[in-house]
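What follows is a short report on a single structure.
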Amino acid sequence: MSYEQAGRIACEAVRIGAELVRTSTSVEVREKAERDYVTDVDLAVERELSAFLAERTPEHGFLGEEHGYREGAGEQECVWTLDPVDGTSNFARGLPLCAVSLALVRRGEPVVAAIACPFLDLEFSAIAGQGAYGGGERLRASGITDLSRALVSMGDFAAGDGSAEHNQRGLRLVAALADEVERVRMFGSAVLDLAWVASGRTAATVILSNNPWDTAAGVLLAREAGAHVFDASGRPHTADSAETIAVAPGISEDLLALVRRSLLPRGR
């Protein structure tokens, strides 16, 4: 199967998922870990899209946020990676900043991405080497060159075991950003953080985590739009990176220096 064929299937899948989210008439919320929630809609979308993709692409594996790998998927060359509702806390409270996020990951690298935002009437897609698109238009990262004019988003603070130390890093970073950029934002959806960078709406995002279902589709979108994507040390972003940073190329060096000063005072 070509990447183009996989891309069409991915776009169809996220539209199915977005429709399920948009038409849900009731939302049951339960805590799956400390301050980390799942809804019945997350579970329904994951079940539906897992079955859809198994039927359309039986040769590919599947990894979902809620149920992990489908049996045998971890050994397959290509794996669909799904966040059924990225931004669950937003969705559960009626906030529209959420998305169905799907990537095809080949040997650890995203090669196809599709994202649908149920309440924003937005869709994004990308294929490795073929650019990033939103609403049928080619996406380009911002041409900004002045960090002081940059709108920068932060990923969510952590919850659960080990969150205190993680959040102290985040607070240091917020303080450093607040002193040097135009504005700091926290949208509550990693894939939208990355999509906004890809579309030039924001100049950068710094996400202090790298769960594949959260980041795979958005990372490909940002890369294909011309953004630089790396970890806090400046190494190119991979599936093993501890952080996910996407930034307009004109401010990438300045932002990386700021991140390193705030997160890695001894260097790394």
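Identifiers in this document derive from the order of the structure tokens: chains are assigned A, B, ..., residues are numbered from 1 separately in each chain, and ligands are numbered from 1 in order of occurrence.
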
Give the strand (DSSP E or B) residues of region 17-245 of chain A, as assigned by DSSP on the backbone, as a PyMOL selection string.
chain A and resi 29-33+36-39+61-64+68-69+78-86+99-106+109-117+122-127+132-134+137-138+151-154+183-185+204-207+228-230+236+244-245

I'd like the contact shell of region 129-145 of chain A - 9 Å cut-off, only C-alpha atoms, skipping same-chain residues fewer than 3 positions apart - returned as number ranges by chain.
A: 111, 113, 122-126, 149-150, 196-204, 220-227, 247-252

Just C-alpha atoms for this one: save the residues we selected as an mmCIF file, in the first residue's frame.
```cif
data_model
loop_
_atom_site.group_PDB
_atom_site.id
_atom_site.type_symbol
_atom_site.label_atom_id
_atom_site.label_comp_id
_atom_site.auth_asym_id
_atom_site.auth_seq_id
_atom_site.Cartn_x
_atom_site.Cartn_y
_atom_site.Cartn_z
ATOM 1 C CA VAL A 111 4.969 8.808 7.602
ATOM 2 C CA ALA A 113 -0.830 11.907 9.574
ATOM 3 C CA LEU A 122 -10.676 21.826 10.894
ATOM 4 C CA GLU A 123 -8.810 18.936 9.317
ATOM 5 C CA PHE A 124 -5.072 18.501 8.832
ATOM 6 C CA SER A 125 -3.046 15.904 6.949
ATOM 7 C CA ALA A 126 0.524 15.161 5.945
ATOM 8 C CA ARG A 149 7.174 38.624 18.868
ATOM 9 C CA ALA A 150 6.542 34.888 19.203
ATOM 10 C CA TRP A 196 -0.857 25.507 15.258
ATOM 11 C CA VAL A 197 2.917 25.614 14.693
ATOM 12 C CA ALA A 198 2.513 23.884 11.329
ATOM 13 C CA SER A 199 -0.113 26.410 10.245
ATOM 14 C CA GLY A 200 1.856 29.444 11.479
ATOM 15 C CA ARG A 201 -0.728 30.361 14.104
ATOM 16 C CA THR A 202 1.898 29.994 16.812
ATOM 17 C CA ALA A 203 5.654 30.232 16.439
ATOM 18 C CA ALA A 204 6.565 27.288 18.662
ATOM 19 C CA LEU A 220 4.932 14.924 10.940
ATOM 20 C CA LEU A 221 2.577 17.835 10.251
ATOM 21 C CA ALA A 222 5.023 20.345 11.760
ATOM 22 C CA ARG A 223 8.027 18.891 9.927
ATOM 23 C CA GLU A 224 6.264 18.881 6.585
ATOM 24 C CA ALA A 225 5.270 22.523 7.139
ATOM 25 C CA GLY A 226 8.917 23.474 7.566
ATOM 26 C CA ALA A 227 9.117 23.703 11.359
ATOM 27 C CA VAL A 247 9.477 25.806 16.268
ATOM 28 C CA ALA A 248 9.515 28.163 13.295
ATOM 29 C CA PRO A 249 12.998 27.971 11.734
ATOM 30 C CA GLY A 250 13.727 31.683 12.134
ATOM 31 C CA ILE A 251 13.673 31.490 15.947
ATOM 32 C CA SER A 252 14.753 27.888 16.491
#
```

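CA of Ala116 (chain A) to CA of Arg15 (chain A) spans 6.3 Å [interatomic distance, one decimal].
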
Hey, what's within 6 Å of region 79-88 of chain A if we count only C-alpha atoms and toss same-chain stuff fewer than 3 positions away? As an NGL selection string, please?
:A and (42 or 45-46 or 60-65 or 91-92 or 98-105 or 188-189 or 213)

Can I get the selected residues back with N, CA and C atoms, as a short mmCIF file (atom, residue, chain, number, x, y, z; two decimals), in the first residue's frame?
```cif
data_model
loop_
_atom_site.label_atom_id
_atom_site.label_comp_id
_atom_site.auth_asym_id
_atom_site.auth_seq_id
_atom_site.Cartn_x
_atom_site.Cartn_y
_atom_site.Cartn_z
N ASP A 42 -13.97 8.43 24.21
CA ASP A 42 -12.61 7.99 23.87
C ASP A 42 -12.62 6.50 23.52
N VAL A 45 -14.52 5.68 20.18
CA VAL A 45 -13.77 6.06 18.99
C VAL A 45 -12.62 5.09 18.76
N GLU A 46 -11.92 4.71 19.81
CA GLU A 46 -10.79 3.78 19.64
C GLU A 46 -11.27 2.42 19.13
N HIS A 60 -1.19 -3.72 8.69
CA HIS A 60 -0.61 -2.76 9.63
C HIS A 60 -1.06 -3.06 11.06
N GLY A 61 -0.19 -2.77 12.00
CA GLY A 61 -0.53 -2.90 13.41
C GLY A 61 -1.33 -1.69 13.89
N PHE A 62 -1.67 -1.72 15.17
CA PHE A 62 -2.48 -0.64 15.76
C PHE A 62 -2.07 -0.42 17.20
N LEU A 63 -1.87 0.86 17.55
CA LEU A 63 -1.60 1.28 18.93
C LEU A 63 -2.57 2.39 19.28
N GLY A 64 -3.36 2.18 20.31
CA GLY A 64 -4.29 3.21 20.78
C GLY A 64 -3.94 3.65 22.19
N GLU A 65 -4.24 4.89 22.50
CA GLU A 65 -3.91 5.39 23.84
C GLU A 65 -4.57 4.57 24.94
N PHE A 91 -12.59 18.28 26.23
CA PHE A 91 -13.82 17.70 25.68
C PHE A 91 -14.84 17.42 26.78
N ALA A 92 -14.41 16.84 27.88
CA ALA A 92 -15.33 16.46 28.94
C ALA A 92 -16.02 17.66 29.58
N CYS A 98 -10.04 20.03 21.06
CA CYS A 98 -9.74 18.60 21.10
C CYS A 98 -9.69 18.09 19.67
N ALA A 99 -9.14 16.90 19.47
CA ALA A 99 -8.99 16.39 18.11
C ALA A 99 -8.83 14.88 18.13
N VAL A 100 -9.21 14.26 17.02
CA VAL A 100 -8.91 12.85 16.76
C VAL A 100 -7.61 12.85 15.97
N SER A 101 -6.60 12.16 16.48
CA SER A 101 -5.25 12.23 15.92
C SER A 101 -4.76 10.84 15.54
N LEU A 102 -4.37 10.67 14.28
CA LEU A 102 -3.96 9.35 13.77
C LEU A 102 -2.70 9.50 12.93
N ALA A 103 -1.73 8.63 13.17
CA ALA A 103 -0.51 8.59 12.38
C ALA A 103 -0.19 7.16 12.00
N LEU A 104 0.39 6.99 10.83
CA LEU A 104 0.99 5.72 10.46
C LEU A 104 2.48 5.85 10.73
N VAL A 105 2.98 5.01 11.61
CA VAL A 105 4.38 5.07 12.04
C VAL A 105 5.12 3.87 11.45
N GLY A 188 -4.01 22.55 25.93
CA GLY A 188 -4.53 21.30 26.47
C GLY A 188 -4.67 20.18 25.46
N SER A 189 -4.03 20.32 24.29
CA SER A 189 -4.07 19.26 23.27
C SER A 189 -2.74 19.29 22.53
N TRP A 213 0.97 8.48 20.76
CA TRP A 213 -0.40 8.83 20.33
C TRP A 213 -0.62 10.34 20.41
#
```

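CA of Thr39 (chain A) lies 12.5 Å from CA of Thr25 (chain A).
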
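Checking A:Asn167, A:Gln5, A:Ser233, A:Ser50 one by one against Tyr69 (chain A), counting only C-alpha atoms, you find the shortest gap at A:Ser50.
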
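Taking CA of Arg172 (chain A) as the reference point, CA of Leu95 (chain A) is found at 27.3 Å.
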
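Proximity to Cys11 (chain A) was assessed for A:Arg260, A:Ile207, A:Ala114, A:Ala164 counting only C-alpha atoms; the smallest distance is recorded for A:Ala114.
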
Run DSSP on the backbone and tell me which residues of region 2-33 of chain A come out as helix (DSSP H, G or I); list them as a ChimeraX atom specification.
/A:3-22

Measuring between only C-alpha atoms, which one of A:Arg107, A:Phe52, A:Leu120, A:Glu180 shows the shortest distance to Gln76 (chain A)?
A:Arg107
